[in-house]
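Trainee: My file is entry.cif. It has mmCIF, C-alpha atoms:
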data_model
loop_
_atom_site.label_atom_id
_atom_site.label_comp_id
_atom_site.auth_asym_id
_atom_site.auth_seq_id
_atom_site.Cartn_x
_atom_site.Cartn_y
_atom_site.Cartn_z
CA LYS A 27 0.00 0.00 0.00
CA SER A 28 2.88 2.39 0.70
CA VAL A 29 4.14 1.84 -2.87
CA GLN A 30 0.79 2.84 -4.38
CA LYS A 31 0.96 6.20 -2.62
CA ARG A 32 4.37 6.82 -4.21
CA LEU A 33 3.57 5.63 -7.73
CA TYR A 34 3.98 8.20 -10.51
CA ASN A 35 3.65 8.00 -14.29
CA VAL A 36 5.69 10.16 -16.65
CA TYR A 37 4.10 10.61 -20.07
CA LEU A 38 6.70 11.47 -22.69
CA ASP A 39 4.63 11.90 -25.84
CA ASN A 40 1.74 13.91 -27.19
CA PRO A 41 -1.23 11.59 -27.87
CA MET A 42 -2.48 14.04 -30.49
CA LYS A 43 0.65 13.42 -32.61
CA MET A 44 0.86 9.64 -32.49
CA GLY A 45 -1.20 6.51 -31.97
CA GLY A 46 -1.36 4.70 -28.65
CA THR A 47 1.01 1.87 -29.59
CA ARG A 48 3.77 4.42 -30.26
CA GLN A 49 3.35 6.49 -27.11
CA ARG A 50 5.93 6.12 -24.37
CA TYR A 51 5.59 6.45 -20.64
CA MET A 52 7.48 5.45 -17.53
CA THR A 53 6.11 4.33 -14.20
CA GLY A 54 8.05 4.61 -11.01
CA VAL A 55 8.09 4.98 -7.28
CA LEU A 56 9.20 8.32 -5.88
CA VAL A 57 11.65 7.75 -3.02
CA SER A 58 14.22 9.76 -1.12
CA ASP A 59 17.89 8.78 -1.12
CA SER A 60 17.50 7.20 2.32
CA GLU A 61 14.66 4.98 1.02
CA LYS A 62 16.50 3.78 -2.08
CA ALA A 63 17.72 0.58 -0.43
CA THR A 64 14.24 -0.35 0.76
CA PHE A 65 12.33 0.32 -2.46
CA CYS A 66 14.82 0.21 -5.33
CA GLU A 67 17.51 -2.33 -4.50
CA PRO A 68 15.12 -5.34 -4.44
CA LEU A 69 13.87 -4.37 -7.91
CA LEU A 70 17.33 -3.68 -9.35
CA GLU A 71 18.44 -7.14 -8.14
CA LYS A 72 15.88 -8.66 -10.53
CA ASN A 73 17.59 -7.20 -13.62
CA PRO A 74 19.98 -10.12 -14.33
CA LYS A 75 17.03 -12.56 -14.48
CA ILE A 76 15.07 -10.10 -16.64
CA GLU A 77 18.04 -9.86 -19.04
CA GLU A 78 18.04 -13.67 -19.34
CA VAL A 79 14.33 -13.69 -20.23
CA ALA A 80 14.85 -10.88 -22.76
CA ALA A 81 17.76 -12.74 -24.39
CA LYS A 82 15.59 -15.84 -24.87
CA GLN A 83 12.82 -13.74 -26.44
CA ARG A 84 15.07 -11.51 -28.60
CA HIS A 85 14.24 -13.44 -31.80
CA ILE A 86 10.51 -12.63 -31.48
CA PRO A 87 9.59 -9.35 -33.21
CA MET A 88 8.29 -6.71 -30.80
CA GLN A 89 4.91 -6.45 -32.53
CA GLU A 90 4.30 -10.17 -31.91
CA LYS A 91 4.86 -9.94 -28.17
CA LYS A 92 2.08 -9.58 -25.66
CA VAL A 93 2.19 -6.55 -23.39
CA ALA A 94 2.97 -8.85 -20.44
CA GLU A 95 5.98 -10.26 -22.31
CA VAL A 96 7.32 -6.78 -23.06
CA PHE A 97 6.84 -5.84 -19.41
CA GLU A 98 8.74 -8.96 -18.29
CA GLU A 99 11.69 -7.85 -20.45
CA THR A 100 11.84 -4.27 -19.17
CA LEU A 101 14.73 -3.55 -16.84
CA TYR A 102 14.29 -1.62 -13.63
CA GLN A 103 16.21 1.66 -13.37
CA TYR A 104 16.96 4.21 -10.72
CA VAL A 105 17.05 7.82 -11.91
CA ASP A 106 17.30 11.17 -10.22
CA LEU A 107 14.61 13.61 -11.30
CA PRO A 108 14.92 17.31 -10.57
CA SER A 109 12.60 19.28 -8.34
CA VAL A 110 11.29 22.05 -10.61
CA ASP A 111 8.53 24.64 -10.95
CA SER A 112 5.54 23.00 -12.61
CA LEU A 113 1.96 23.58 -13.60
CA VAL A 114 -0.30 21.52 -11.33
CA VAL A 115 -3.82 20.29 -12.05
CA HIS A 116 -6.07 18.21 -9.78
CA PHE A 117 -8.74 16.16 -11.49
CA PRO A 118 -11.34 13.67 -10.21
CA PHE A 119 -10.38 10.03 -10.73
CA THR A 120 -12.76 7.08 -11.03
CA ASN A 121 -10.11 4.45 -11.89
CA GLY A 122 -12.15 3.69 -14.97
CA PHE A 123 -12.43 4.20 -18.70
CA LEU A 124 -13.84 7.72 -18.49
CA SER A 125 -10.90 8.96 -16.39
CA ALA A 126 -8.44 7.48 -18.88
CA LEU A 127 -10.27 9.00 -21.82
CA ILE A 128 -10.43 12.48 -20.30
CA PHE A 129 -6.79 12.29 -19.31
CA SER A 130 -5.59 11.16 -22.76
CA TYR A 131 -7.63 13.58 -24.85
CA LYS A 132 -8.12 16.63 -22.62
CA ILE A 133 -5.68 16.89 -19.73
CA LEU A 134 -2.48 15.53 -21.27
CA PRO A 135 -2.57 17.59 -24.50
CA LYS A 136 -3.61 20.79 -22.70
CA LEU A 137 -0.92 20.47 -20.01
CA ARG A 138 1.72 19.82 -22.67
CA ALA A 139 0.57 22.91 -24.60
CA LEU A 140 0.58 25.05 -21.45
CA ALA A 141 4.07 23.82 -20.54
CA VAL A 142 5.30 25.02 -23.92
CA GLU A 143 3.42 28.33 -23.64
CA LYS A 144 4.26 29.16 -20.01
CA GLY A 145 7.55 27.33 -19.63
CA GLU A 146 11.12 28.25 -20.32
CA SER A 147 11.91 28.73 -24.01
CA GLY A 148 12.77 25.36 -25.58
CA ASN A 149 11.40 23.36 -22.64
CA ILE A 150 10.45 19.80 -23.58
CA PRO A 151 6.87 19.16 -22.40
CA VAL A 152 6.22 16.06 -20.29
CA VAL A 153 3.41 15.28 -17.87
CA ILE A 154 3.83 13.51 -14.55
CA SER A 155 0.74 12.04 -12.90
CA HIS A 156 -0.10 10.58 -9.52
CA CYS A 157 -3.56 9.18 -8.79
CA SER A 158 -5.06 8.27 -5.45
CA ILE A 159 -7.81 5.67 -5.47
CA GLU A 160 -8.64 6.52 -1.85
CA GLN A 161 -9.02 10.25 -2.52
CA GLU A 162 -10.50 9.69 -6.00
CA MET A 163 -8.17 12.40 -7.30
CA CYS A 164 -5.27 12.65 -9.72
CA THR A 165 -2.59 15.31 -9.58
CA HIS A 166 -0.89 16.10 -12.88
CA TYR A 167 2.33 18.09 -13.16
CA ALA A 168 3.89 19.72 -16.22
CA PRO A 169 7.44 20.96 -15.56
CA LEU A 170 8.08 24.50 -16.78
CA VAL A 171 11.86 23.99 -16.88
CA GLN A 172 14.24 21.06 -17.34
CA GLY A 173 11.64 18.96 -19.17
CA LYS A 174 14.44 17.14 -21.02
CA ASP A 175 15.71 15.78 -17.68
CA PHE A 176 12.40 13.91 -17.28
CA LEU A 177 13.03 12.05 -20.55
CA VAL A 178 15.90 10.24 -18.74
CA GLY A 179 17.91 9.79 -21.91
CA GLN A 180 14.95 9.00 -24.19
CA PRO A 181 14.52 10.96 -27.43
CA THR A 182 11.98 13.78 -27.71
CA THR A 183 8.58 13.03 -29.26
CA GLU A 184 9.74 14.44 -32.61
CA GLU A 185 12.95 12.34 -32.60
CA HIS A 186 10.96 9.27 -31.56
CA LEU A 187 8.44 9.76 -34.39
CA GLU A 188 11.19 10.29 -36.93
CA ALA A 189 12.94 7.08 -35.86
CA LEU A 190 9.68 5.10 -36.11
CA GLY A 191 8.81 6.34 -39.57
CA PRO A 192 5.33 7.15 -40.84
CA GLU A 193 2.32 5.60 -39.17
CA THR A 194 0.10 3.82 -41.66
CA PHE A 195 -3.56 2.90 -41.49
CA LEU A 196 -2.72 -0.77 -41.93
CA ASP A 197 0.35 -1.87 -40.05
CA TRP A 198 1.25 -5.05 -41.90
CA GLU A 199 3.82 -6.13 -39.32
CA HIS A 200 1.23 -6.01 -36.52
CA LEU A 201 -1.33 -7.80 -38.69
CA LYS A 202 1.17 -10.49 -39.66
CA GLY A 203 2.21 -10.91 -36.02
CA GLY A 204 -1.39 -11.41 -34.95
CA ALA A 205 -2.10 -13.77 -37.84
CA ARG A 206 0.94 -15.89 -36.93
CA LYS A 207 -0.42 -16.31 -33.41
CA ILE A 208 -3.88 -17.50 -34.44
CA SER A 209 -3.13 -19.40 -37.67
CA PRO A 210 -2.20 -23.04 -38.07
CA LYS A 211 1.49 -23.77 -38.72
CA PHE A 212 1.04 -24.43 -42.46
CA MET A 213 -0.31 -20.86 -42.93
CA LYS A 214 2.75 -19.14 -41.42
CA THR A 215 4.71 -19.34 -44.69
CA TYR A 216 1.90 -17.59 -46.56
CA ILE A 217 1.52 -14.95 -43.87
CA ASP A 218 5.20 -14.05 -44.20
CA MET A 219 4.64 -13.39 -47.90
CA LEU A 220 2.30 -10.48 -47.17
CA PRO A 221 3.75 -7.02 -47.83
#
With the file now loaded, output its structure as structure tokens.
Mentor:
Amino acid sequence: KSVQKRLYNVYLDNPMKMGGTRQRYMTGVLVSDSEKATFCEPLLEKNPKIEEVAAKQRHIPMQEKKVAEVFEETLYQYVDLPSVDSLVVHFPFTNGFLSALIFSYKILPKLRALAVEKGESGNIPVVISHCSIEQEMCTHYAPLVQGKDFLVGQPTTEEHLEALGPETFLDWEHLKGGARKISPKFMKTYIDMLP
């Protein structure tokens, strides 16, 4: 329960510029230096086992993996985030679909736009969120300075989009990956022939 009260999400990308499968976010527990051993060390100790799992799955294309498989291959990290001036918004939280929809299409884009408008020139907009089920409230932060530090080494949205290439209506790789999972073995050769 103490972890839930410290759980934060950092949203790196603008959902109005890219589809949901391309958007990046990070989830983490906010701890002080004195709490690092209690909260972080046990997770960091799991990384060697996670690397073994990832190595065994490396041959499987990313688009064919289930979300749970991708999660199982994600390494834990410890990063220092700066304490900065931010825009702050409180919004009711139902822990349901409506809250997620409002956040994705109203709060996140508007906070990102305000961070660009009100923030330091050249600031990279990110949004950090913390939701309390008990209080039925989310608090969203948009740093006005040092936004790049919250990317923790990840590329900006624009760089990320450029590296991914254009998004198409039909993503053949995703379709082929799904077809491989549900088709009999003899069909796999024909599926691979698709564009």
Trainee: Residues at most 12 Å from Glu78 of chain A, counting all atoms listed in the file, excluding those fewer than 3 positions away in the same chain, as a list in words?
Mentor: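 Contacts, in chain order: Lys72, Asn73, Pro74, Lys75, Ala81, Lys82, Gln83, Arg84, Glu98, Glu99, Thr100 and Leu101 of chain A.
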Trainee: Taking 4 positions as the minimum chain separation for residues in the same chain, which residues sit within 7 Å of Leu137 of chain A when counting all atoms listed in the file? Answer as a count of residues only.
Mentor: 3
Trainee: Could you tell me how far atom CA of Tyr34 of chain A sits from atom CA of Ala63 of chain A, in Å to one decimal place?
Mentor: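 Answer for the atom CA of Ala63 of chain A to atom CA of Tyr34 of chain A separation: 18.7 Å.
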Trainee: Atom CA of Thr165 of chain A and atom CA of Glu184 of chain A are how many Å apart?
Mentor: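 Going from atom CA of Thr165 of chain A over to atom CA of Glu184 of chain A, I get 26.1 Å.
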Trainee: Compare A:Asn40, A:Gln103, A:Asn121, A:Ser58 by their minimum atom-to-atom distance to Gln161 of chain A, counting all atoms listed in the file, and give me the closest one.
Mentor: A:Asn121
Trainee: Please determine, counting all atoms listed in the file, which residue among A:Gly173, A:Pro41, A:Thr47, A:Tyr104 has the shortest atom-to-atom distance to Pro68 of chain A.
Mentor: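 Closest candidate: A:Tyr104.
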Trainee: Calculate how many Å separate atom CA of Leu134 of chain A from atom CA of Val178 of chain A, rounding to one decimal.
Mentor: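 We find that atom CA of Leu134 of chain A and atom CA of Val178 of chain A lie 19.3 Å from each other.
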Trainee: From the set A:Lys174, A:His166, A:Arg50, A:His156, which residue has the shortest atom-to-atom contact distance to Leu107 of chain A, counting all atoms listed in the file?
Mentor: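 Between A:Lys174, A:His166, A:Arg50, A:His156, the residue approaching Leu107 of chain A most closely is A:Lys174.
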Trainee: When distances are computed from all atoms listed in the file, which of A:Tyr102, A:Phe65, A:Phe97, A:Tyr51 shows the smallest separation from Gln30 of chain A?
Mentor: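 For Gln30 of chain A, the nearest of the candidates is A:Phe65.
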Trainee: To verify the selection step, state as a ChimeraX atom specification which residues the PyMOL selection byres ((chain A and resi 52) around 8) yields on this input.
Mentor: /A:35-38,50-51,53-54
Trainee: Put those residues in a file: C-alpha atoms, as a PDB file, in the frame of the given file.
Mentor:
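Output file result27.pdb is given in full below:
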ATOM      1  CA  ASN A  35       3.650   8.000 -14.290  1.00  0.00           C
ATOM      2  CA  VAL A  36       5.690  10.160 -16.650  1.00  0.00           C
ATOM      3  CA  TYR A  37       4.100  10.610 -20.070  1.00  0.00           C
ATOM      4  CA  LEU A  38       6.700  11.470 -22.690  1.00  0.00           C
ATOM      5  CA  ARG A  50       5.930   6.120 -24.370  1.00  0.00           C
ATOM      6  CA  TYR A  51       5.590   6.450 -20.640  1.00  0.00           C
ATOM      7  CA  THR A  53       6.110   4.330 -14.200  1.00  0.00           C
ATOM      8  CA  GLY A  54       8.050   4.610 -11.010  1.00  0.00           C
TER       9      GLY A  54
END
Trainee: Restricting the calculation to all atoms listed in the file, which member of A:Met42, A:Leu69, A:Thr64, A:Thr183 is positioned closest to Lys136 of chain A?
Mentor: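 Among the listed residues, A:Met42 lies closest to Lys136 of chain A.
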Trainee: Mind listing as a VMD selection string all residues within 7 Å of (10.9, 26.4, -18.6), counting all atoms listed in the file?
Mentor: chain A and resid 145 to 147 149 170 to 172
Trainee: Name the closest residue to Val57 of chain A among the candidates A:Cys164, A:Asp106, A:Met44, A:Glu71; distances are taken between atoms, counting all atoms listed in the file.
Mentor: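 Residue with the minimum atom-to-atom distance to Val57 of chain A: A:Asp106.
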